[in-house]
Every structure is written in structure tokens, then in C-alpha cells.
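So the structure is just underneath, and the comments pick up after that.
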Amino acid sequence: MAHQPEGTIVTACGEKVGTWAGYQRHWRRGEQACPDCLEAHRIKNLEVSRSADPQTRERNLRMKAAYGRALRRLAAEYPERFSELYALERRAAL
Ligand SMILES: [Zn+2]
């Protein structure tokens, strides 16, 4: 394992910190992305939404809506676990 400077927090993104790939590493582990990766994610989303043709933008909106519906169904199937996770995420977001 590479030497880390004292006080360095090791997160999932590793050497991909501040990139879209780094953000995906956080996401796959289900952890909050670090600020640099969050920024990379924000920029990537802006680029995609600006560059996409109307059909692709429409498709992206439908996929986002589908994700929201799936999340609501999951919350309905596991209400206690969802409430627990939601409370944790809300606290982390303060
Ligand atoms: Zn990161």
C-alpha cells in the first residue's frame, strides 16, 4: 500500500479522485462522494445535458423518472430500512 500523508482520509475514489470514474467508485460502494468527485460529477452532468440532442435529453428525463419510481417502490417494500438510510443521509448532508 502506498504511503499516505498523515491525516489523509482514504476513500473509494483513490487515485481517481476528482474524476467521473472516482465518483462512480464512491457510488458503487454506496458512500458519500468526496467534494472533488462531487464536483467532477456536477460538471459531467452539465456537459451531458448541454451536449445531448433533444431526443437524448428526453430519454435521460424518462430514465431519471424511472429511477425515481423504482426508488419509491423500493421504499414502499422496505419502509423501515429506507427511513433508516434516509435519516442517515439527511444527517450527513447537514
Ligand atoms: Zn472521491
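Labels used: A, B, ... for chains in the order of the C-alpha cells, numbers from 1 for residues in each chain, and numbers from 1 for ligands as shown.
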
Determine, using only C-alpha atoms and all ligand atoms, which residues of chain A have any atom at most 10 Å from an atom of ligand 1, and tabulate each with its shortest atom pair and distance in Å to one decimal place, rows ordered by chain and then rising number, as JSON lines.
{"residue": "A:Val10", "atom": "CA", "partner": "ligand 1", "partner_atom_place_in_ligand_line": "1 (Zn)", "distance": 9.1}
{"residue": "A:Thr11", "atom": "CA", "partner": "ligand 1", "partner_atom_place_in_ligand_line": "1 (Zn)", "distance": 6.4}
{"residue": "A:Ala12", "atom": "CA", "partner": "ligand 1", "partner_atom_place_in_ligand_line": "1 (Zn)", "distance": 6.6}
{"residue": "A:Cys13", "atom": "CA", "partner": "ligand 1", "partner_atom_place_in_ligand_line": "1 (Zn)", "distance": 4.3}
{"residue": "A:Gly14", "atom": "CA", "partner": "ligand 1", "partner_atom_place_in_ligand_line": "1 (Zn)", "distance": 6.9}
{"residue": "A:Glu15", "atom": "CA", "partner": "ligand 1", "partner_atom_place_in_ligand_line": "1 (Zn)", "distance": 8.7}
{"residue": "A:Lys16", "atom": "CA", "partner": "ligand 1", "partner_atom_place_in_ligand_line": "1 (Zn)", "distance": 7.1}
{"residue": "A:Val17", "atom": "CA", "partner": "ligand 1", "partner_atom_place_in_ligand_line": "1 (Zn)", "distance": 4.5}
{"residue": "A:Gly18", "atom": "CA", "partner": "ligand 1", "partner_atom_place_in_ligand_line": "1 (Zn)", "distance": 5.8}
{"residue": "A:Thr19", "atom": "CA", "partner": "ligand 1", "partner_atom_place_in_ligand_line": "1 (Zn)", "distance": 7.6}
{"residue": "A:Trp20", "atom": "CA", "partner": "ligand 1", "partner_atom_place_in_ligand_line": "1 (Zn)", "distance": 9.1}
{"residue": "A:Ala21", "atom": "CA", "partner": "ligand 1", "partner_atom_place_in_ligand_line": "1 (Zn)", "distance": 9.0}
{"residue": "A:Gly22", "atom": "CA", "partner": "ligand 1", "partner_atom_place_in_ligand_line": "1 (Zn)", "distance": 5.3}
{"residue": "A:Tyr23", "atom": "CA", "partner": "ligand 1", "partner_atom_place_in_ligand_line": "1 (Zn)", "distance": 5.8}
{"residue": "A:Gln24", "atom": "CA", "partner": "ligand 1", "partner_atom_place_in_ligand_line": "1 (Zn)", "distance": 8.8}
{"residue": "A:Arg25", "atom": "CA", "partner": "ligand 1", "partner_atom_place_in_ligand_line": "1 (Zn)", "distance": 7.8}
{"residue": "A:His26", "atom": "CA", "partner": "ligand 1", "partner_atom_place_in_ligand_line": "1 (Zn)", "distance": 6.5}
{"residue": "A:Trp27", "atom": "CA", "partner": "ligand 1", "partner_atom_place_in_ligand_line": "1 (Zn)", "distance": 9.7}
{"residue": "A:Glu31", "atom": "CA", "partner": "ligand 1", "partner_atom_place_in_ligand_line": "1 (Zn)", "distance": 9.8}
{"residue": "A:Gln32", "atom": "CA", "partner": "ligand 1", "partner_atom_place_in_ligand_line": "1 (Zn)", "distance": 8.6}
{"residue": "A:Ala33", "atom": "CA", "partner": "ligand 1", "partner_atom_place_in_ligand_line": "1 (Zn)", "distance": 5.3}
{"residue": "A:Cys34", "atom": "CA", "partner": "ligand 1", "partner_atom_place_in_ligand_line": "1 (Zn)", "distance": 4.3}
{"residue": "A:Pro35", "atom": "CA", "partner": "ligand 1", "partner_atom_place_in_ligand_line": "1 (Zn)", "distance": 6.8}
{"residue": "A:Asp36", "atom": "CA", "partner": "ligand 1", "partner_atom_place_in_ligand_line": "1 (Zn)", "distance": 5.9}
{"residue": "A:Cys37", "atom": "CA", "partner": "ligand 1", "partner_atom_place_in_ligand_line": "1 (Zn)", "distance": 4.4}
{"residue": "A:Leu38", "atom": "CA", "partner": "ligand 1", "partner_atom_place_in_ligand_line": "1 (Zn)", "distance": 7.3}
{"residue": "A:Glu39", "atom": "CA", "partner": "ligand 1", "partner_atom_place_in_ligand_line": "1 (Zn)", "distance": 9.4}
{"residue": "A:Ala40", "atom": "CA", "partner": "ligand 1", "partner_atom_place_in_ligand_line": "1 (Zn)", "distance": 9.1}

DSSP helix (DSSP H, G or I) residues within stretch 5-89 of chain A, as a count of residues only: 65
